[in-house]
Amino acid sequence: VRSLDFKWKEKSWLKQRAKANSLDSPISIYEMHLGSWKKNVEEKNRPLNYLELSIELPKYLNEMGFTHVEFLPIMEYPFDGSWGYQTLGYFAPTSRFGTPQEFMTLVDSLHDHEIGVILDWVPSHFPSDMHGIGLFDGTHLYDHADERKGFHPDWKSCIFNYGRKEVVSFLISSALFWFEKYHIDGLRVDAVASMLYLDYSRKDGEWIPNEFGGNENIEAIEFLKELNTVIYENYPYAQTIAEESTAWPMVSRPTYIGGLGFGMKWNMGWMHDTLQYFSNDTIHRKFHHNNILFSQLYAYNENFQLPFSHDEVVHGKSSLLGKMPGDDWERFANLRLLYGYMYAHPGKKLLFMGSELAQWEEWNHEQSLPWHYLEYDRHREIQQWVKDLNQQYKETPALYEHDFTQDGFEWIDYADWEKSMISFIRKGTDPKNVILCVCNFTPVPRKDYRVGVPLSGQWKEVLNSDSNLYGGSNLRNGGVVETLSEPCHTHEQCLSLTIPPLAIIMFIPIHKPNNRLQAPMH
């Protein structure tokens, strides 16, 4: 039993926390597993502890430009191989890395460096270990006795009985505890889909319908609504994020209009379609053009977060770099394009640790990230690209102010499937705050490529993933491009651009007194 006394030093963070966590602010999350981020080689590959992390991690996140960090579950767990997702102690940070006060020191240091802290939290299932809550009093106190409702076939673990008010109280108390005692800024709720559906990962005869004969878990739905209501009532600055992989409606809509009440939801559909598209050989991408367009049909149904998470770089799925087709140059160019496309697309950002290093191997929780890769130019250049993406993202309100409404996005051209090109505008609250994004998903450079724009005058190239700074071929547009008075793509003027191979380029208008913002022609 531990005392949780601690003297917090986060006055500066408290003043800005509500703004930093708001849905119209830049949110770029570094997802990480504490045990394998960095290890002390001289001490038999010992993972860094909370105090060591409190020194190294905030500086690194500031250097990289991330706004938030998300820890895979740190609630005490019995088996390293579960990465924390088999939670044992719902009120205890794991003692693997130190004491409660040392974890508080880590959170405090992150806040001192203006980094928000999000924790993964697992109310969907728990291990049956007898030193945990499994058969706590000799009975199925926390779970259902009937395995059709109380046993999870995927994770071989117990499912909470959300129909028991005591269990609901236990879980909500746990969630509030991390906000109250450890001053966190958000919870990412794991495996929400497995909670919503009674037949999740089950065959006919292996599940029990609800009282109306359906497959919805009514008790779990009510629990999630109550959870989010209570969290936002007590901590209005917080964010709750659902990992929900189905088309369940209104996950990130308020409970008073029938939603589940989450602040955001992972966009698993976008992630799946995007990675599937990028895995295609570039010569075949024109036949899969819809994969890169489809997300715009539903992008504003929820408050979406775009995740390239740990789940995509384990269990034989390969690393993100390993998914890219082509020779080594094309693979790295594709990876830069992938990251640039994510930062340009509406939605908040999440990148798993190691992805910024262009890791070749899958993530292995028993090993440190391959920091030695930074001795090589092409890996260091990918890291620099992620830094510059984060910097441009935070400096450009058009890239984050309207992530969740159609007001923040306008297609310029989505129909050039033959060349595998797309172009679009992101828009901020100020009508003049716009950024043009052009993606070339093939290794063929394009000269004099015309793109209609809503503003006449000069446009500045602010990011180019093909720059030699990032290991590209350095095909540029000379810094500034002047519009031509030729109608194009429903606009009265256009830019004549040089489009590099396998690249994304971004332009912002240089505003002058005679510049005139124009609506698209009809």
# chains A, B, ... in the order shown; residues from 1 in each chain; ligands from 1
$ residues_around --residues "His372 (chain A)" --least-positions-apart "2" --cutoff "12 Å" --atoms "only C-alpha atoms" --output "list in words"
Lys38, Gly354, Leu357, Ala358, Gln359, Ser368, Leu369, Pro370, Leu374, Glu375, Tyr376, Asp377, His379 and Arg380 of chain A
$ select_by_dssp --residues "region 135-310 of chain A" --states "strand (DSSP E)" --output "list in words"
Phe151, His152, Ser157, Cys158, Gly186, Leu187, Arg188, Val189, Gln239, Thr240, Ile241, Ala242, Met264, Lys265, Trp266, Phe304, Gln305, Leu306, Pro307 and Phe308 of chain A
$ closest_residue --among "A:Val41, A:Leu57, A:Met104, A:Leu34" --to "Glu10 (chain A)" --atoms "only C-alpha atoms"
A:Met104
$ select_by_dssp --residues "region 385-494 of chain A" --states "helix (DSSP H, G or I)" --output "MDAnalysis selection string"
chainID A and resid 385:395 397:399 406:408 468:470
$ closest_residue --among "A:Gly150, A:Pro127, A:Pro509, A:Gly138" --to "Phe79 (chain A)" --atoms "only C-alpha atoms"
A:Pro127
$ atom_distance --atom1 "CA of Asp146 (chain A)" --atom2 "CA of Tyr85 (chain A)"
22.7 Å
$ atom_distance --atom1 "CA of Leu135 (chain A)" --atom2 "CA of Glu226 (chain A)"
25.6 Å
$ residues_around --residues "Ser473 (chain A)" --least-positions-apart "6" --cutoff "12 Å" --atoms "only C-alpha atoms" --output "list in words"
Trp329, Glu330, Phe332, Ala333, Pro443, Val444, Pro445, Asn464, Ser465, Asp466, Ser467, Ile499, Pro500, Pro501, Leu502 and Ala503 of chain A
$ write_last_selection --atoms "N, CA, C and O atoms" --output "PDB file, in the first residue's frame"
ATOM      1  N   TRP A 329      15.058   3.048 -52.382  1.00  0.00           N
ATOM      2  CA  TRP A 329      14.756   4.474 -52.560  1.00  0.00           C
ATOM      3  C   TRP A 329      13.242   4.685 -52.596  1.00  0.00           C
ATOM      4  O   TRP A 329      12.726   5.604 -51.962  1.00  0.00           O
ATOM      5  N   GLU A 330      12.539   3.828 -53.330  1.00  0.00           N
ATOM      6  CA  GLU A 330      11.083   3.967 -53.436  1.00  0.00           C
ATOM      7  C   GLU A 330      10.412   3.697 -52.086  1.00  0.00           C
ATOM      8  O   GLU A 330       9.413   4.346 -51.748  1.00  0.00           O
ATOM      9  N   PHE A 332      11.559   4.294 -49.049  1.00  0.00           N
ATOM     10  CA  PHE A 332      11.697   5.463 -48.186  1.00  0.00           C
ATOM     11  C   PHE A 332      10.865   6.627 -48.707  1.00  0.00           C
ATOM     12  O   PHE A 332      10.272   7.375 -47.915  1.00  0.00           O
ATOM     13  N   ALA A 333      10.806   6.793 -50.019  1.00  0.00           N
ATOM     14  CA  ALA A 333       9.973   7.857 -50.599  1.00  0.00           C
ATOM     15  C   ALA A 333       8.500   7.596 -50.303  1.00  0.00           C
ATOM     16  O   ALA A 333       7.746   8.513 -49.955  1.00  0.00           O
ATOM     17  N   PRO A 443       6.207   6.842 -59.060  1.00  0.00           N
ATOM     18  CA  PRO A 443       7.585   7.344 -59.131  1.00  0.00           C
ATOM     19  C   PRO A 443       7.857   8.177 -60.385  1.00  0.00           C
ATOM     20  O   PRO A 443       9.014   8.432 -60.717  1.00  0.00           O
ATOM     21  N   VAL A 444       6.799   8.604 -61.076  1.00  0.00           N
ATOM     22  CA  VAL A 444       6.952   9.388 -62.307  1.00  0.00           C
ATOM     23  C   VAL A 444       6.802  10.876 -61.994  1.00  0.00           C
ATOM     24  O   VAL A 444       5.741  11.315 -61.548  1.00  0.00           O
ATOM     25  N   PRO A 445       7.860  11.692 -62.190  1.00  0.00           N
ATOM     26  CA  PRO A 445       7.718  13.134 -61.968  1.00  0.00           C
ATOM     27  C   PRO A 445       6.810  13.758 -63.025  1.00  0.00           C
ATOM     28  O   PRO A 445       6.733  13.270 -64.155  1.00  0.00           O
ATOM     29  N   ASN A 464       8.084  19.747 -48.960  1.00  0.00           N
ATOM     30  CA  ASN A 464       8.263  18.902 -50.139  1.00  0.00           C
ATOM     31  C   ASN A 464       8.985  17.643 -49.669  1.00  0.00           C
ATOM     32  O   ASN A 464      10.150  17.691 -49.284  1.00  0.00           O
ATOM     33  N   SER A 465       8.294  16.512 -49.673  1.00  0.00           N
ATOM     34  CA  SER A 465       8.895  15.280 -49.145  1.00  0.00           C
ATOM     35  C   SER A 465      10.022  14.761 -50.019  1.00  0.00           C
ATOM     36  O   SER A 465      10.762  13.860 -49.606  1.00  0.00           O
ATOM     37  N   ASP A 466      10.175  15.338 -51.222  1.00  0.00           N
ATOM     38  CA  ASP A 466      11.255  14.924 -52.117  1.00  0.00           C
ATOM     39  C   ASP A 466      12.506  15.768 -51.927  1.00  0.00           C
ATOM     40  O   ASP A 466      13.490  15.592 -52.636  1.00  0.00           O
ATOM     41  N   SER A 467      12.506  16.684 -50.975  1.00  0.00           N
ATOM     42  CA  SER A 467      13.678  17.512 -50.703  1.00  0.00           C
ATOM     43  C   SER A 467      14.878  16.646 -50.341  1.00  0.00           C
ATOM     44  O   SER A 467      14.737  15.579 -49.738  1.00  0.00           O
ATOM     45  N   ILE A 499       5.816  18.275 -60.060  1.00  0.00           N
ATOM     46  CA  ILE A 499       5.435  17.308 -59.025  1.00  0.00           C
ATOM     47  C   ILE A 499       6.505  16.228 -58.940  1.00  0.00           C
ATOM     48  O   ILE A 499       6.722  15.479 -59.895  1.00  0.00           O
ATOM     49  N   PRO A 500       7.184  16.124 -57.799  1.00  0.00           N
ATOM     50  CA  PRO A 500       8.248  15.118 -57.663  1.00  0.00           C
ATOM     51  C   PRO A 500       7.677  13.702 -57.615  1.00  0.00           C
ATOM     52  O   PRO A 500       6.476  13.499 -57.403  1.00  0.00           O
ATOM     53  N   PRO A 501       8.530  12.709 -57.791  1.00  0.00           N
ATOM     54  CA  PRO A 501       8.080  11.308 -57.733  1.00  0.00           C
ATOM     55  C   PRO A 501       7.790  10.872 -56.306  1.00  0.00           C
ATOM     56  O   PRO A 501       8.508  11.248 -55.376  1.00  0.00           O
ATOM     57  N   LEU A 502       6.726  10.090 -56.141  1.00  0.00           N
ATOM     58  CA  LEU A 502       6.364   9.521 -54.833  1.00  0.00           C
ATOM     59  C   LEU A 502       6.506  10.575 -53.732  1.00  0.00           C
ATOM     60  O   LEU A 502       7.265  10.416 -52.769  1.00  0.00           O
ATOM     61  N   ALA A 503       5.743  11.651 -53.886  1.00  0.00           N
ATOM     62  CA  ALA A 503       5.947  12.776 -52.979  1.00  0.00           C
ATOM     63  C   ALA A 503       4.648  13.512 -52.704  1.00  0.00           C
ATOM     64  O   ALA A 503       3.680  13.436 -53.469  1.00  0.00           O
TER      65      ALA A 503
END
$ closest_residue --among "A:Ser252, A:Leu171, A:Gln239, A:Gly408" --to "Ala18 (chain A)" --atoms "only C-alpha atoms"
A:Gln239
$ atom_distance --atom1 "CA of Ser82 (chain A)" --atom2 "CA of Trp155 (chain A)"
9.5 Å
$ closest_residue --among "A:Lys419, A:Arg164, A:Lys447, A:Lys203" --to "His288 (chain A)" --atoms "only C-alpha atoms"
A:Lys419
$ residues_around --residues "Arg253 (chain A)" --least-positions-apart "5" --cutoff "12 Å" --atoms "only C-alpha atoms" --output "PyMOL selection string"
chain A and resi 225+228-229+240-242+248+258-265+300-304+404
